Structures are given as C-alpha cells and as structure tokens.
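These notes are about the structure you will find just below.
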Amino acid sequence: MSLIDILSVLAATIRLATPLILATLGGLFSERAGVIALGLEGMMLAASFAAASIATITGSPWLGLAAGMGVSMTISLIHGFASVTQRGDQVVSGMALNILVAGLCPTLGLAWFHLGGQTPALEHGQRFMPIVLPLADSLADVPLLGPVWNILIGGHNLIVYLAILLLPLSAWLLYRTAFGLRVRAVGENPHAVDAAGLSVAGLRYGALAVSGMLVGLAGADLSIAEGAGFGRDMTAGRGYVALAALIFGKWRPAPAFAACLLFAFCDALQVRLQGVALPIMGVVPVQMVEALPYLLTVFLLAGFVGSARAPHAIGVPFVKTR
Amino acid sequence: MSRDLPWPIDYVLIPALNLALAFLAGAVVLGLIGVSPGAALGTLLDGAFGSLDGAGYTLYYATTFIFTGLAVAIPYQAGLFNIGGEGQAMLGGLGVTIVCQAMGGYPLWLVLPLAIGAAMIGGAAWAALPAVLQVKRGSHIVITTIMFNFLASALMTYLLIDMLRAPGDPSPETAAFPASTALPYAHEWAAHLGLAMEESPLNLSFVVALILAFLVWLFIRRSLWGYEIRATGHNPSAAAYAAIPVDRVTVLAVCLGGACAGLVGINEVMGVLHRLVLGFTAGAGIVGIAVALMGRNHPFGIVLSAILFGALYQGGAELAFDYPQVTRDIIVVMDGLVILFCGALENMLRVPVTRAWARWRTVPA
C-alpha cells in the first residue's frame with residue numbers, strides 16, 4: 001500500500017465518520033437528558049429525504065439543509081411528545097418513527113418526483129461540494145505535505161468540517177454551560193431538577209431539539225453533500241451504529257467520537273477489501289466484507305462496554321412526586 | 001391503571017380508537033400523495049374481503065404475521081423487544097429448505113413436523129446470540145437484533161448466490177423442492193369438498209399458525225415457564241428473589257420468539273414458493289411488531305390483528321394496482337403509524353377515557 005492509498009482510506013474514514021459523528025452527538029443530548037435515542041435512524045433518513053427534496057425544488061443546498069434539520073427536529077419532538085408528555089415506551093416510539101419514515105420517504109418521493117422513490121440527482125450548485133483549500137495547487141508537488149493537505153485535510157465538503165467543529169462545541173455545551181449541566185442532571189435525577197424549580201419536560205424537549213438539529217445535519221450530509229440525491233434506505237442502519245458508538249463511548253463525546261472513527265474506518269476498509277485477495281483467506285466473499293461494520297457493532301456492544309453506566313433515569317418517564 | 005377499566009373498554013374500545021387515529025393519519029398521507037382517502041378505503045376493503053380469493057390472500061398474509069407477531073410478543077412478556085423477526089424468519093426458511101431438499105419422496109405427515117422443527121431451530125438459533133449477549137454482556141437487544149437482521153440478509157445473499165443457487169439459474173433462488181413436500185392449498189381442499197374457491201396462496205400453514213397461537217397462550221398463561229417469563233417481565237428483581245433463573249428465562253423467551261419467526265418459512269417457502277428465494281420475508285418481521293402491539297401481546301389478539309394487517313396488505317396490493325403513486329411502502333407507513341398510536345402513544349387516549357369512565361361511574365344514571 002502506498003502513501004496515497006493509506007491517505008485515501010483515512011480520508012474516506014473522515015467522510016464516512018461525519019454522519020456517524022453528528023448522529024452520535026445528537027443521540028448524546030437525547031440520552032443524557034434521559035430519552036432513549038432509538039429514533040436516530042428515522043430522523044436521519046427523513047432529514048436526508050427532506051434535504052434532497054428541498055434542494056431539488058429550490059436549487060439551494062442551504063434551504064435543503066434547513067429543511068433537513070427542521071424535519072429531523074420535528075420527528076425528535078414527536079418522539080419527545082410520546083416519551084415525555086405521554087410517558088409512552090421510548091423504545092417503541094423510536095422504532096415506530098423509524099418504520100414510519102422508512103415507508104413515508106419513498107412514498108412521498110414517488111408521488112413528488114416519479115423516480116421510484118428516489119429524488120433526482122442533484123447538480124453541483126444544488127449540493128455542498130468538496131472544498132479546495134488555499135495553497136492546494138502550490139503544495140501539490142511537495143512530498144508528504146502535499147498529499148496530506150490535499151487528500152486528508154482538504155477536499156471534504158462543508159458538513160465534514162462542521163462536524164469536526166461541532167464535536168468540541170457540543171462537549172462545551174454539555175459540560176460547561178448551565179443548559180448542559182441541567183440536561184445531564186435531568187437524565188440522572190429528574191426529581192432533583194424538579195425540586196430545584198426547573199421544568200423536567202422543558203429541558204428534555206430542549207435537549208431533543210438540539211438532538212434533532214444535529215441528526216438533521218447527519219442526514220443532509222448523506223443526501224446533499226456526500227451523495228447527490230436521496231435513495232431509499234440510504235442510511236442503511238447508520239442510526240443504530242451511531243447509537244452503538246454512543247453506548248460504546250459510555251455516553252461521553254470524545255470516546256464516542258473515537259468509536260465513530262473506528263466504525264468509519266472499518267467501513268472504508270470494507271470498500272477497499274472487496275475483491276482483494278488476502279494473504280491467508282484468499283478472496284473473502286463480498287457479502288461477508290459488507291457485513292463487517294454490522295459485525296463490529298455486535299462485537300463492540302458485546303465485548304468492550306465494560307463498566308459503562310447509562311444515564312440513571314434513561315427510558316424512565318418522569319412522574320412528579322407530591 | 002388498566003384495572004380501573006372494564007375489559008371491553010380496555011381491550012376493545014381503546015385499541016379501536018388508537019387504530020382509528022392511525023388510519024386518520026394514514027388518510028392524511030394518502031391525501032398528500034393525491035389519492036382520495038375515501039376511494040382508497042373502498043378499494044382496500046373490496047380487495048381484502050370483497051371476494052373469496054381476496055379473503056384467501058388476506059388469511060395467507062395473516063399466517064405470516066401471526067408468526068412474526070408471536071415472535072415479538074413472547075420476548076415482550078419477558079420485558080424484551082425483539083426486532084429481529086426478519087432475520088430469524090430468514091434462517092427459519094433456510095431450515096425448511098434443508099429438510100425439504102433432503103426429504104423428497106417421503107410422505108408429508110413426516111416431512112411437515114421435521115420442517116417445522118427445522119424452521120423453529122433456525123429461528124431460535126439466530127435469536128439465541130442476541131439474547132445471550134443481552135443477558136451476559138448487557139448489549140442492547142434492540143440494536144443487536146437489528147444488526148442480526150443485516151447479518152442474516154448478508155448471509156442469505158451469500159448462500160443463495162454462491163452456494164445454494166440452482167445451476168444455470170440467473171436469479172438468487174434454489175431449485176424447486178420435490179413436489180411431495182408442497183403443503184396443500186386451501187382451494188385444493190375446497191375442491192375436494194366440492195366447494196368452488198378461487199386460487200389463493202392460503203395453505204395448511206394457517207392451521208399451523210392458529211394451533212401455535214393457542215399453544216403459546218397455553219404456555220404463557222398456564223405453564224410454569226410461562227409464569228416465570230411473565231414474572232421476569234413484570235419485575236426482574238422480584239423474580240430473581242423468588243428464585244426464578246431470570247437470565248435463563250430471558251434467553252428462553254427470546255429463543256421461543258425466534259422459533260415462532262422461523263415458522264414464516266413454513267408458510268412462504270414450503271407453502272407457496274416451493275424454493276428458497278432471496279428476500280422472501282419481505283418486511284414481515286417489521287409488520288410483526290405492529291401486529292404484536294395492536295394485539296396487546298396476547299396470542300388471540302395477535303391472531304385478530306394479524307388478520308387485520310393481512311387485509312391491509314392484500315388491500316394495499318389492490319391499491320397499488322389502481323394508483324401508480326401507491327406502492328407497498330404505504331403499508332410500511334401504516335405499520336409505523338399503528339406502532340406509534342397503539343404502542344407509544346397508547347396513554348394519550350387512555351387517560352381521558354379512564355377519567356370519563358370514572359366520572360360516568362360516579363354519576364348514577
């Protein structure tokens with residue numbers, strides 16, 4: 001493997017990690033506030049459909065992005081209505097929304113665009129294209145630095161850089177602000193928060209709104225930045241993988257980020273491995289290689305969770321004591 | 001809260017109201033894609049029950065949904081949510097395939113029990129690992145079963161393309177099974193009895209499903225293991241204190257659920273397709289979640305809601321035939337809406353209904 005090969009696998013890792021990172025951060029706010037984030041998959045899928053549809057109709061990726069984030073936030077708040085206000089089963093609610101969205105997107109897509117449930121392919125101006133960094137040309141011939149600057153650091157779309165930026169920002173919001181402290185408290189001991197005179201429901205809805213916006217970015221990345229249009233089931237389980245990354249990262253931003261990178265690396269590697277003859281095993285069947293990320297998810301959830309402790313009040317509806 | 005209500009309200013009125021809400025939301029979706037909800041409902045009902053073969057299709061779909069509904073309901077009694085019906089059904093189909101291909105020429109009364117056994121073993125085996133991981137390692141069973149659905153689908157693709165495909169066949173499916181392994185169709189029986197019934201895929205599996213539902217009810221409600229499963233689901237620490245082996249009971253419940261899902265293979269593979277075809281489950285595992293929640297996880301409720309979803313499926317096929325903008329995805333939308341309104345938002349109507357009932361009770365008529 002040459003340097004270019006290694007760099008392009010790493011660059012693919014960053015690109016593939018972006019939706020996972022954003023969805024994991026979204027799940028982080030939801031779960032730290034005590035609401036199970038099983039709806040990530042549906043929120044992401046709906047966002048990618050909304051973003052691609054609006055970008056197609058208006059021609060503006062920015063409006064598409066706003067639509068994606070708005071739709072994802074709406075679904076997040078419906079999940080909130082079911083789990084916070086109605087005290088319903090959060091796992092059931094999350095699955096219901098995932099299934100609803102999985103059916104709704106191709107149904108609406110077929111009726112609106114007549115392309116068998118897809119949205120039309122987006123043109124360059126309608127989506128977020130890879131950004132060419134300054135100095136790209138003049139560094140191109142410099143050994144090592146040139147390829148690193150152009151392949152690994154440069155050449156990604158806007159949302160990739162946004163995701164890298166939002167990671168420390170989310171950590172700051174969660175650990176260094178009053179809002180973050182209250183969100184974490186409401187996930188650990190809502191009765192204490194209630195006794196302090198704060199609204200448990202209000203905080204949970206707030207956290208779910210933030211969650212919705214972040215996951216909306218993840219969906220938009222798939223359809224109007226990394227991809228050029230919506231295809232059915234295009235999230236392909238990434239919402240669940242993000243949730244697994246969150247659990248594996250023990251509900252903390254930095255380890256969860258590392259888990260996302262691991263998943264994405266595995267995914268980038270599986271694309272590379274298809275059809276390649278390996279030293280001992282020979283050519284591994286393509287389905288087995290494609291199953292690698294799912295296998296890794298099971299493996300990590302099973303093997304290395306260790307002493308992970310979920311937020312104490314997660315999944316438990318809050319009932320005010322008198 | 002349920003004890004405050006007489007059972008007709010608890011088990012009939014509230015589910016019916018929730019279902020009505022789900023259909024109302026479904027009507028909004030139909031309106032959004034330019035289909036008149038009223039006309040659609042007419043097509044749906046006519047397609048599902050309007051003719052005898054339509055009813056045959058409805059019950060054929062219902063057979064599969066009884067299996068996948070029970071696959072969700074049994075683990076739910078133990079407090080676990082099994083999303084893996086889809087993958088478990090695939091492995092069940094694989095088990096059926098192995099038996100049917102090996103047992104050509106033997107009488108059906110011998111092949112069928114073996115195929116049922118193989119289907120149950122296949123489904124249970126695919127459910128076992130997520131169950132054990134949940135119990136031993138605390139890995140979230142919802143995520144692991146979803147991952148196992150992806151893994152099962154990859155495994156089936158591999159097996160059907162590289163291993164089991166009939167030589168020279170371009171599509172990913174096995175060769176047809178020996179004719180002697182095919183289950184009798186309902187219309188064949190009707191012909192024997194001198195009744196004219198149009199052809200439909202309804203077959204002997206429907207009877208298997210009804211018997212299974214009864215046995216599951218017997219098991220959950222009347223057996224010691226069933227009691228242990230319910231106790232574990234209600235309060236695991238109390239169950240453990242009562243010397244119930246909670247871990248073992250949990251794994252048992254999930255594996256039994258997987259075994260029920262595996263039986264989808266009897267209906268689809270052995271009853272209708274007579275070969276293993278890639279993707280034969282067609283989302284039945286997901287429908288099972290809606291079926292179980294609507295049937296309140298009670299075996300008899302599941303039979304009724306499976307028939308309702310069977311009608312939806314069959315009527316939806318008619319709808320897709322009449323309107324180009326409607327596909328099977330509209331059924332997935334309905335699944336989601338039913339799970340949302342009958343499952344997650346179940347309390348929404350229960351609270352006001354309970355309050356209204358209490359007020360009505362206290363005011364003497």
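By convention in this document, the chains of the structure tokens carry letters A, B, ... by their order, each chain's residues are numbered from 1, and ligands are numbered from 1 in the order they are shown.
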Selection: 7 Å around Thr13 in chain A, only C-alpha atoms, excl. self and same-chain fewer than 5 positions, as an MDAnalysis selection string: chainID A and resid 261 264:265 268
Using only C-alpha atoms, determine which residues of chain B fall within 8 Å of chain A; present them as a VMD selection string. chain B and resid 32 to 34 133 137 to 140 143 to 144 147 to 148 150 to 151 154 to 155 157 to 158 286 325 to 327 329 to 340 343 to 348
Spatial neighbours of Gln101 in chain B, max dist 9 Å, only C-alpha atoms, sep filter under 3 positions, as an MDAnalysis selection string: chainID B and resid 96:98 104 176:178 181
Determine which residues of range 174-318 of chain A DSSP labels as strand (DSSP E or B) from the backbone of this structure, then write them out as a PyMOL selection string. chain A and resi 277-278+282-283
In Å to one decimal, how far is CA of Gln314 in chain B from CA of Tyr76 in chain B? 27.5 Å
Need the shell around Gly202 in chain A: protein/DNA/RNA residues with any atom at most 12 Å away, counting only C-alpha atoms. Skip same-chain ones fewer than 3 positions apart. Format as an NGL selection string? :A and (33 or 77 or 80-81 or 84-85 or 179 or 182-183 or 186 or 190 or 193-194 or 197-199 or 205-209 or 318)
If you keep N, CA and C atoms, can you produce a file of those selected residues as a short mmCIF file (atom, residue, chain, number, x, y, z; two decimals), in the first residue's frame?
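New file result-v7.cif:
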```
data_model
loop_
_atom_site.label_atom_id
_atom_site.label_comp_id
_atom_site.auth_asym_id
_atom_site.auth_seq_id
_atom_site.Cartn_x
_atom_site.Cartn_y
_atom_site.Cartn_z
N ALA A 33 -30.22 13.44 28.47
CA ALA A 33 -31.41 14.03 29.07
C ALA A 33 -32.39 12.95 29.53
N LEU A 77 -39.07 15.89 18.23
CA LEU A 77 -40.05 16.42 19.18
C LEU A 77 -41.29 15.53 19.27
N GLY A 80 -40.36 13.12 21.57
CA GLY A 80 -40.47 13.75 22.88
C GLY A 80 -41.90 13.75 23.37
N PHE A 81 -42.83 14.06 22.47
CA PHE A 81 -44.24 14.09 22.87
C PHE A 81 -44.66 12.71 23.38
N VAL A 84 -42.02 11.98 26.64
CA VAL A 84 -42.01 12.90 27.78
C VAL A 84 -43.43 13.23 28.22
N THR A 85 -44.24 13.71 27.29
CA THR A 85 -45.58 14.15 27.66
C THR A 85 -46.51 12.97 27.89
N PHE A 179 -27.13 25.11 30.71
CA PHE A 179 -28.04 24.23 29.99
C PHE A 179 -27.55 22.79 30.01
N ARG A 182 -27.89 21.13 33.36
CA ARG A 182 -29.28 20.77 33.65
C ARG A 182 -29.71 19.57 32.83
N VAL A 183 -29.25 19.53 31.57
CA VAL A 183 -29.60 18.38 30.73
C VAL A 183 -29.05 17.10 31.36
N VAL A 186 -31.03 16.17 34.42
CA VAL A 186 -32.37 15.66 34.17
C VAL A 186 -32.32 14.20 33.71
N PRO A 190 -34.15 13.38 37.65
CA PRO A 190 -35.12 14.43 37.29
C PRO A 190 -35.84 15.01 38.50
N VAL A 193 -33.95 17.92 39.75
CA VAL A 193 -34.12 19.06 38.86
C VAL A 193 -35.48 19.70 39.10
N ASP A 194 -36.47 18.87 39.28
CA ASP A 194 -37.82 19.35 39.53
C ASP A 194 -37.87 20.12 40.85
N GLY A 197 -36.86 23.59 40.91
CA GLY A 197 -37.75 24.54 40.28
C GLY A 197 -37.61 24.65 38.78
N LEU A 198 -36.91 23.68 38.17
CA LEU A 198 -36.77 23.71 36.71
C LEU A 198 -37.77 22.73 36.10
N SER A 199 -38.08 22.97 34.84
CA SER A 199 -39.04 22.11 34.16
C SER A 199 -38.34 20.91 33.54
N TYR A 205 -37.35 18.45 26.23
CA TYR A 205 -37.70 18.92 24.89
C TYR A 205 -36.55 19.74 24.29
N GLY A 206 -35.92 20.56 25.12
CA GLY A 206 -34.79 21.36 24.63
C GLY A 206 -33.68 20.48 24.11
N ALA A 207 -33.33 19.45 24.91
CA ALA A 207 -32.26 18.54 24.51
C ALA A 207 -32.64 17.81 23.23
N LEU A 208 -33.93 17.45 23.11
CA LEU A 208 -34.37 16.73 21.91
C LEU A 208 -34.34 17.64 20.68
N ALA A 209 -34.58 18.94 20.88
CA ALA A 209 -34.49 19.87 19.76
C ALA A 209 -33.06 19.97 19.26
N PHE A 318 -40.85 10.66 33.56
CA PHE A 318 -40.83 11.41 34.81
C PHE A 318 -42.25 11.61 35.32
#
```
Name all residues at most 10 Å from range 194-198 of chain B (count only C-alpha atoms; drop same-chain ones fewer than 5 positions away) and give them as a VMD selection string. chain B and resid 51 to 54 56 186 to 189
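Shell of Thr58 in chain B at 9 Å, with only C-alpha atoms counted and residues fewer than 4 places along the chain excluded, is Ala48, Phe49, Asp53, Gly54, Ala62, Thr63, Leu202, Ile307, Leu308, Phe309, Gly310, Ala311, Leu312, Tyr313, Gln314 and Gly315 of chain B.
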Output the selection as an mmCIF file, in the first residue's frame - N, CA, C and O atoms for each residue.
```cif
data_model
loop_
_atom_site.group_PDB
_atom_site.id
_atom_site.type_symbol
_atom_site.label_atom_id
_atom_site.label_comp_id
_atom_site.auth_asym_id
_atom_site.auth_seq_id
_atom_site.Cartn_x
_atom_site.Cartn_y
_atom_site.Cartn_z
ATOM 1 N N ALA B 48 -59.586 -6.670 0.059
ATOM 2 C CA ALA B 48 -59.252 -7.578 1.151
ATOM 3 C C ALA B 48 -60.346 -8.600 1.400
ATOM 4 O O ALA B 48 -60.076 -9.766 1.657
ATOM 5 N N PHE B 49 -61.620 -8.153 1.343
ATOM 6 C CA PHE B 49 -62.694 -9.065 1.736
ATOM 7 C C PHE B 49 -63.745 -9.243 0.639
ATOM 8 O O PHE B 49 -64.651 -10.037 0.776
ATOM 9 N N ASP B 53 -61.196 -15.116 -3.092
ATOM 10 C CA ASP B 53 -59.739 -15.247 -3.250
ATOM 11 C C ASP B 53 -59.031 -14.085 -2.576
ATOM 12 O O ASP B 53 -57.924 -14.226 -2.073
ATOM 13 N N GLY B 54 -59.709 -12.920 -2.532
ATOM 14 C CA GLY B 54 -59.135 -11.805 -1.767
ATOM 15 C C GLY B 54 -59.010 -12.199 -0.309
ATOM 16 O O GLY B 54 -57.974 -11.970 0.329
ATOM 17 N N ALA B 62 -51.971 -13.090 6.758
ATOM 18 C CA ALA B 62 -52.179 -13.137 8.206
ATOM 19 C C ALA B 62 -51.366 -14.265 8.831
ATOM 20 O O ALA B 62 -50.842 -14.129 9.934
ATOM 21 N N THR B 63 -51.227 -15.393 8.111
ATOM 22 C CA THR B 63 -50.467 -16.538 8.638
ATOM 23 C C THR B 63 -49.049 -16.108 8.987
ATOM 24 O O THR B 63 -48.555 -16.360 10.092
ATOM 25 N N LEU B 202 -53.281 -19.288 0.193
ATOM 26 C CA LEU B 202 -53.628 -19.781 1.535
ATOM 27 C C LEU B 202 -53.400 -21.287 1.599
ATOM 28 O O LEU B 202 -53.872 -22.024 0.742
ATOM 29 N N ILE B 307 -54.886 -10.741 11.112
ATOM 30 C CA ILE B 307 -55.871 -10.767 10.022
ATOM 31 C C ILE B 307 -56.119 -9.350 9.516
ATOM 32 O O ILE B 307 -56.203 -9.109 8.314
ATOM 33 N N LEU B 308 -56.160 -8.403 10.444
ATOM 34 C CA LEU B 308 -56.343 -7.010 10.033
ATOM 35 C C LEU B 308 -55.187 -6.554 9.145
ATOM 36 O O LEU B 308 -55.380 -5.934 8.089
ATOM 37 N N PHE B 309 -53.971 -6.886 9.559
ATOM 38 C CA PHE B 309 -52.822 -6.479 8.745
ATOM 39 C C PHE B 309 -52.755 -7.265 7.436
ATOM 40 O O PHE B 309 -52.291 -6.743 6.430
ATOM 41 N N GLY B 310 -53.222 -8.526 7.484
ATOM 42 C CA GLY B 310 -53.310 -9.286 6.246
ATOM 43 C C GLY B 310 -54.228 -8.591 5.259
ATOM 44 O O GLY B 310 -53.927 -8.462 4.069
ATOM 45 N N ALA B 311 -55.376 -8.097 5.789
ATOM 46 C CA ALA B 311 -56.327 -7.374 4.941
ATOM 47 C C ALA B 311 -55.685 -6.101 4.390
ATOM 48 O O ALA B 311 -55.839 -5.763 3.213
ATOM 49 N N LEU B 312 -54.942 -5.412 5.268
ATOM 50 C CA LEU B 312 -54.245 -4.194 4.839
ATOM 51 C C LEU B 312 -53.272 -4.505 3.708
ATOM 52 O O LEU B 312 -53.158 -3.763 2.733
ATOM 53 N N TYR B 313 -52.541 -5.606 3.869
ATOM 54 C CA TYR B 313 -51.538 -5.992 2.879
ATOM 55 C C TYR B 313 -52.193 -6.308 1.550
ATOM 56 O O TYR B 313 -51.768 -5.837 0.505
ATOM 57 N N GLN B 314 -53.255 -7.137 1.620
ATOM 58 C CA GLN B 314 -53.935 -7.537 0.402
ATOM 59 C C GLN B 314 -54.625 -6.329 -0.237
ATOM 60 O O GLN B 314 -54.510 -6.095 -1.434
ATOM 61 N N GLY B 315 -55.330 -5.535 0.605
ATOM 62 C CA GLY B 315 -55.981 -4.351 0.081
ATOM 63 C C GLY B 315 -54.957 -3.373 -0.482
ATOM 64 O O GLY B 315 -55.197 -2.716 -1.494
#
```
Which residues are close to Ile220 in chain B, i.e. within 8 Å by only C-alpha atoms, leaving aside same-chain residues fewer than 3 positions away? Reply as a VMD selection string. chain B and resid 74 216 to 217 223 225 to 227 229 to 230
Those same residues - all heavy atoms - I'd like them written as a CSV table (one decimal), in the first residue's frame.
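Output contents, as saved in selection30.csv:
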```
chain,number,residue,atom,x,y,z
B,74,ILE,N,-43.7,-12.9,22.6
B,74,ILE,CA,-43.2,-13.8,23.7
B,74,ILE,C,-42.0,-13.1,24.4
B,74,ILE,O,-42.0,-13.0,25.6
B,74,ILE,CB,-42.8,-15.2,23.2
B,74,ILE,CG1,-44.1,-15.8,22.5
B,74,ILE,CG2,-42.3,-16.0,24.3
B,74,ILE,CD1,-43.7,-17.2,21.9
B,216,VAL,N,-49.1,-21.1,22.4
B,216,VAL,CA,-48.4,-20.0,23.0
B,216,VAL,C,-49.2,-19.5,24.2
B,216,VAL,O,-48.7,-19.2,25.2
B,216,VAL,CB,-48.0,-18.9,22.0
B,216,VAL,CG1,-47.6,-17.6,22.7
B,216,VAL,CG2,-47.0,-19.4,21.0
B,217,TRP,N,-50.5,-19.3,23.9
B,217,TRP,CA,-51.4,-18.8,25.0
B,217,TRP,C,-51.3,-19.8,26.2
B,217,TRP,O,-51.2,-19.4,27.4
B,217,TRP,CB,-52.8,-18.7,24.5
B,217,TRP,CG,-53.8,-18.4,25.6
B,217,TRP,CD1,-54.0,-17.1,26.1
B,217,TRP,CD2,-54.7,-19.3,26.3
B,217,TRP,NE1,-55.0,-17.2,27.1
B,217,TRP,CE2,-55.4,-18.5,27.3
B,217,TRP,CE3,-54.9,-20.6,26.3
B,217,TRP,CZ2,-56.3,-19.0,28.1
B,217,TRP,CZ3,-55.8,-21.2,27.1
B,217,TRP,CH2,-56.5,-20.4,28.1
B,223,SER,N,-48.5,-22.4,32.0
B,223,SER,CA,-47.3,-23.2,32.3
B,223,SER,C,-46.4,-22.5,33.3
B,223,SER,O,-46.4,-21.3,33.4
B,223,SER,CB,-46.5,-23.6,31.1
B,223,SER,OG,-45.7,-22.6,30.7
B,225,TRP,N,-43.1,-22.3,33.1
B,225,TRP,CA,-42.2,-21.5,32.3
B,225,TRP,C,-42.8,-20.1,31.9
B,225,TRP,O,-42.2,-19.1,32.0
B,225,TRP,CB,-41.6,-22.2,31.1
B,225,TRP,CG,-40.5,-23.2,31.5
B,225,TRP,CD1,-40.0,-23.4,32.8
B,225,TRP,CD2,-39.8,-24.0,30.6
B,225,TRP,NE1,-39.0,-24.3,32.7
B,225,TRP,CE2,-38.8,-24.7,31.4
B,225,TRP,CE3,-39.8,-24.2,29.2
B,225,TRP,CZ2,-37.9,-25.6,30.9
B,225,TRP,CZ3,-38.9,-25.1,28.7
B,225,TRP,CH2,-38.0,-25.8,29.5
B,226,GLY,N,-44.0,-20.2,31.5
B,226,GLY,CA,-44.7,-19.0,31.1
B,226,GLY,C,-44.9,-18.1,32.2
B,226,GLY,O,-44.7,-16.9,32.1
B,227,TYR,N,-45.2,-18.6,33.4
B,227,TYR,CA,-45.3,-17.8,34.6
B,227,TYR,C,-44.0,-17.1,34.9
B,227,TYR,O,-43.9,-15.9,35.2
B,227,TYR,CB,-45.8,-18.7,35.8
B,227,TYR,CG,-45.5,-18.0,37.1
B,227,TYR,CD1,-46.3,-17.0,37.5
B,227,TYR,CD2,-44.5,-18.5,37.9
B,227,TYR,CE1,-46.0,-16.4,38.7
B,227,TYR,CE2,-44.2,-17.9,39.1
B,227,TYR,CZ,-45.0,-16.8,39.5
B,227,TYR,OH,-44.7,-16.2,40.7
B,229,ILE,N,-41.6,-16.4,32.8
B,229,ILE,CA,-41.4,-15.4,31.8
B,229,ILE,C,-42.1,-14.1,32.2
B,229,ILE,O,-41.6,-13.0,32.2
B,229,ILE,CB,-41.8,-15.9,30.4
B,229,ILE,CG1,-40.8,-16.9,29.9
B,229,ILE,CG2,-41.9,-14.7,29.4
B,229,ILE,CD1,-41.2,-17.5,28.6
B,230,ARG,N,-43.4,-14.3,32.5
B,230,ARG,CA,-44.2,-13.1,32.9
B,230,ARG,C,-43.7,-12.4,34.1
B,230,ARG,O,-43.6,-11.2,34.2
B,230,ARG,CB,-45.7,-13.4,33.0
B,230,ARG,CG,-46.3,-13.6,31.7
B,230,ARG,CD,-47.8,-14.0,31.8
B,230,ARG,NE,-48.0,-15.3,32.5
B,230,ARG,CZ,-48.9,-15.5,33.5
B,230,ARG,NH1,-49.6,-14.5,33.9
B,230,ARG,NH2,-49.0,-16.7,34.0
```
